Structure formats: structure tokens, C-alpha cells
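Right, one structure below, let's go through it.
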Amino acid sequence: MYDVTVRGAGIFGLSIAWICLQRGASVRIVDPNGPGSGASGGYVGALAPHVPENWNIKKSLQFQSLIQSESFWQAIDDASGLSSGYTRTGRIQPIADNHSLRLAHKRSHLANDHWKGKAVWQIVETEDIPCLRIRSETGYFVHDTLSARVHPKDACRSLVGAIQNKGGQIETEAKDQGAIVWATGVAGLHALSAAVGCSVGRAVKGQAVLLQPTVALSPDLPQIFTDGIHIVPHANGTIAVGSTSENEFVDADAIDDQLDNVLARAQLTVPLLNDTAVIGRWAGLRPKAQSRAPILGRWPDCSKHFIANGGFKIGYGLAPIVADMMADLVLENVNRIPNEFSIEASIDKAFRTRENA
């Protein structure tokens with residue numbers, strides 16, 4: 001018998017399984033498509049914070065989770081003997097104009113307040129950025145030291161290895177036993193929507209590209225965020241660029257000219273990307289809740305069923321704290337999930353959105 005069955009082997013499902021195993025529970029993960037087959041198996045892997053203004057519970061928990069990420073991934077890599085590609089390399093953002101420069105200075109002061117000295121959001125000049133020639137209209141950049149990166153495919157492999165070495169089982173098909181955690185992404189959003197009679201979320205398609213530079217790069221280069229695009233140098237020497245956010249699409253797995261446009265825009269800011277070869281293209285669906293926050297908690301009217309969904313673009317960054325809160329609830333019946341992340345809040349938001357449409 002298993003204490004916990006986790007349905008879904010994406011970043012939320014694998015992370016919850018890992019923490020439950022660490023707390024002594026027996027765990028089986030079930031996913032017909034295998035680990036990291038959905039949105040968690042992409043290329044980008046940017047663990048980056050929201051801006052430190054208009055501070056709220058989601059930003060606070062995200063900050064806590066990003067600080068927690070180093071020890072979280074180190075423990076996983078130690079247990080698996082593999083590398084997740086985690087490094088806290090920071091992030092560079094070109095500042096486009098004087099208004100953005102004033103806003104960046106304001107956010108620097110806010111980061112001092114909210115990040116508690118554990119990271120900084122600072123303004124730097126062009127010559128302060130080694131090894132990168134990044135275009136900035138003002139000559140200034142934001143450099144935050146909170147952002148980190150993982151290599152998503154490697155991170156999933158490391159999690160799988162750690163889980164199996166700890167005694168967890170991963171299968172494509174099996175019956176439910178014990179408490180059941182539904183971390184099933186887009187399919188899970190559809191199932192919850194059908195159960196409550198209102199859409200609690202939707203699929204958003206993303207596309208990303210993986211590049212191989214013609215010259216060797218430092219494995220510790222910061223990631224870059226520009227024009228809504230993440231540019232993430234990975235420890236293995238590749239660079240990921242992404243992603244699109246497509247609310248309307250025909251084929252979830254199709255690669256099209258929208259990805260070409262993303263790469264072209266990235267190359268305008270980072271000329272280094274012109275001297276690379278495309279070695280991979282990815283497309284997939286990410287689960288986005290109506291509330292834009294993760295959906296966590298007990299399935300309505302089902303005492304043994306739980307939901308962890310809606311990671312969207314910040315699933316990897318939130319995984320450590322989501323896994324802790326879900327393990328508290330599933331194993332100990334202790335609910336530390338903020339109301340903003342609760343299933344009830346997500347359902348309420350869905351009905352209000354429908355009424356206002």
C-alpha cells in the first residue's frame with residue numbers, strides 16, 4: 001500500500017512526491033506520458049521573481065521559494081547523483097527609457113524592503129556586464145541577484161532519480177492508493193472546471209528554442225529578460241530563448257513563425273545570439289488559472305483528493321514552497337495554503353469573471 005498517489009509527473013507532482021518521501025511517506029507517481037512530458041519539459045527554466053512593487057502574498061511566497069530553491073535542488077541532486085542545472089546566476093534587464101529608469105530606481109528601494117538583504121535589485125551600466133554585449137537605449141540595466149535557472153529536462157531527470165533512490169515508484173498506469181494528489185496540468189484544469197461548472201483556468205501555448213553558441217561561454221552567465229522574452233544560458237553551454245504566450249491556437253505541438261519572431265527580437269538585444277545554431281524547438285501547453293495564482297488544496301467534497309495546479313510560467317520557481325505546503329496538508333492535515341492560492345478562491349474568481357464577461 002502507498003500513503004500517497006501523485007497523478008502527474010510535472011514539476012509540481014514530482015516536487016510534492018519528493019517532499020512526501022523525505023517526510024517518510026510511501027509514494028507512487030502515475031503519469032501515462034512519463035515525467036516532464038508536458039510544460040515542465042521545456043527549455044527555458046527561468047526562476048525569476050515578479051517586480052518588487054505592489055507586494056502581495058503571491059510575491060512574498062515566490063520570494064521565499066526562490067530563496068529556498070538552492071537547498072531544495074542541492075538535496076535533489078545529492079540524492080540522484082545527477083545535475084538539475086540549478087544555479088543562482090541573477091538576471092539582467094535592459095532599461096529602455098528614462099521613465100523605466102526612474103521606475104527601476106523605485107523598485108530597487110522596494111527590493112531592499114521586501115527581499116530582506118538576501119538579494120538586490122540594482123541599476124548597473126553597460127561596462128558592468130562581463131562577457132555580454134546587450135543593447136540598452138539608456139545604457140543602464142537592472143541586475144537582480146534573486147533570479148536563478150534550472151535546465152527543465154535535467155531537473156526532471158534529477159527529481160526522478162532522487163525519488164527512485166528514496167523508494168518512490170513512477171508508473172504510467174496504476175490504481176489510486178492512499179491520498180491522491182492531482183497535479184495534472186491542463187487536463188486537471190479542465191476536470192476541475194467540469195466538476196464545478198465554470199472555467200477555473202485555461203491552456204496557454206508556449207514555444208521556445210534551444211541554441212548552441214559557436215564559442216564556449218561561461219557556465220555562470222546571468223539570464224536576460226527583454227521585451228517579454230527570457231534568454232537563459234544553461235550550465236551545459238546551451239542558451240534557451242522563449243517563450244510565446246498564445247491564448248488562441250490550433251495545434252498545441254506545432255512550431256510556427258511566432259517562435260521565429262521571438263528569436264529575432266531576442267537577437268536584436270543580444271547580438272551574441274546571431275552566432276548560434278538552433279538545436280531544438282519546443283511547443284507545449286501551460287496551465288493558467290483564472291486567478292493567475294496556483295490552485296492548491298483539497299478537491300471540493302473529496303477528503304482524500306487534492307489539487308496542485310496552475311503553475312503557468314512560475315511553476316519551477318514556486319515548486320519548493322508548493323511542495324512543502326501540499327505535504328503539510330496531505331500528510332498532516334495542516335493547511336498553510338494562503339486563501340489567494342486556495343481552490344475556493346479560484347472557483348470564486350472563475351464565477352465572478354464569467355458574470356462580468
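Chain identifiers are assigned as A, B, and so on, following the order in which chains appear in the C-alpha cells; residues are numbered from 1 within each chain, and ligands are numbered from 1 in order of appearance.
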Taking only region 205-326 of chain A into account, list the residues labelled strand (DSSP E) by DSSP (computed from the backbone), as a PyMOL selection string. chain A and resi 205-213+223-226+229-233+239-242+276-289+295-298+305-309
Would you mind exporting C-alpha atoms of the selected residues as a CSV table (one decimal), in the first residue's frame?
```csv
chain,number,residue,atom,x,y,z
A,205,LYS,CA,0.5,27.6,-25.6
A,206,GLY,CA,4.2,28.4,-25.4
A,207,GLN,CA,7.1,27.9,-27.9
A,208,ALA,CA,10.8,28.1,-27.1
A,209,VAL,CA,14.1,27.4,-28.9
A,210,LEU,CA,17.4,26.0,-27.8
A,211,LEU,CA,20.6,27.4,-29.2
A,212,GLN,CA,24.2,26.2,-29.3
A,213,PRO,CA,26.8,29.0,-29.4
A,223,GLN,CA,19.9,35.2,-17.7
A,224,ILE,CA,18.4,38.2,-19.6
A,225,PHE,CA,14.8,39.4,-19.8
A,226,THR,CA,14.0,41.8,-22.6
A,229,ILE,CA,11.5,37.3,-23.6
A,230,HIS,CA,13.6,35.1,-21.4
A,231,ILE,CA,17.2,34.3,-22.6
A,232,VAL,CA,18.7,31.7,-20.3
A,233,PRO,CA,22.3,30.5,-20.6
A,239,ILE,CA,21.1,29.0,-24.5
A,240,ALA,CA,17.3,28.8,-24.2
A,241,VAL,CA,15.1,31.6,-25.7
A,242,GLY,CA,11.3,31.8,-25.0
A,276,THR,CA,24.4,30.3,-32.6
A,277,ALA,CA,22.9,27.1,-34.2
A,278,VAL,CA,19.3,26.1,-33.4
A,279,ILE,CA,19.5,22.6,-31.9
A,280,GLY,CA,15.9,22.3,-30.6
A,281,ARG,CA,12.4,23.7,-30.8
A,282,TRP,CA,9.7,23.1,-28.3
A,283,ALA,CA,6.0,23.8,-28.1
A,284,GLY,CA,3.5,22.8,-25.4
A,285,LEU,CA,0.6,23.9,-23.2
A,286,ARG,CA,0.9,25.5,-19.8
A,287,PRO,CA,-1.9,25.6,-17.2
A,288,LYS,CA,-3.0,29.1,-16.4
A,289,ALA,CA,-5.6,29.6,-13.7
A,295,ILE,CA,-4.6,26.3,-7.4
A,296,LEU,CA,-3.8,24.3,-4.3
A,297,GLY,CA,-5.8,22.4,-1.7
A,298,ARG,CA,-8.4,19.7,-1.2
A,305,HIS,CA,-8.2,14.0,-3.1
A,306,PHE,CA,-6.0,17.1,-3.5
A,307,ILE,CA,-5.1,19.5,-6.3
A,308,ALA,CA,-1.8,21.2,-7.2
A,309,ASN,CA,-2.2,23.1,-10.5
```
Got a sec: who's within 8 Å of Trp55 (chain A), counting only C-alpha atoms, leaving out chain neighbours fewer than 4 positions off, as a PyMOL selection string? chain A and resi 59-60+114
Selection above as a file: N, CA and C atoms, as a CSV table (one decimal), in the first residue's frame:
```
chain,number,residue,atom,x,y,z
A,59,LYS,N,3.8,37.3,-4.3
A,59,LYS,CA,5.2,37.7,-4.4
A,59,LYS,C,6.0,37.3,-3.2
A,60,SER,N,5.3,37.4,-2.0
A,60,SER,CA,6.0,37.0,-0.8
A,60,SER,C,6.4,35.5,-0.8
A,114,HIS,N,11.6,44.4,0.8
A,114,HIS,CA,10.9,43.2,0.7
A,114,HIS,C,11.8,41.9,0.6
```
Between A:Gly139, A:Gly85, A:Pro219, A:Gly197, which is the closest to Ser158 (chain A) once you count only C-alpha atoms?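 Of A:Gly139, A:Gly85, A:Pro219, A:Gly197, the one nearest Ser158 (chain A), counting only C-alpha atoms, is A:Gly85.
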Backbone-only DSSP, alpha helix (DSSP H) members of region 18-166 of chain A, as JSON, numbers by chain: {"A": [18, 19, 20, 21, 22, 57, 58, 59, 60, 61, 62, 63, 64, 65, 66, 67, 68, 69, 70, 71, 72, 73, 74, 75, 76, 77, 78, 79, 80, 98, 99, 100, 101, 102, 103, 104, 105, 106, 107, 108, 109, 110, 111, 112, 113, 114, 152, 153, 154, 155, 156, 157, 158, 159, 160, 161, 162, 163, 164, 165]}
Measuring atom to atom with only C-alpha atoms, identify which of A:Tyr86, A:Asp257, A:Asn98, A:Ser108 is nearest to Ser69 (chain A).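 Smallest separation from Ser69 (chain A) among the options: A:Tyr86.
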Please provide the set of residues having any atom within 12 Å of Arg352 (chain A), restricted to only C-alpha atoms, with same-chain residues fewer than 2 positions apart removed, written as a ChimeraX atom specification. /A:198-200,290-291,345-350,354-357
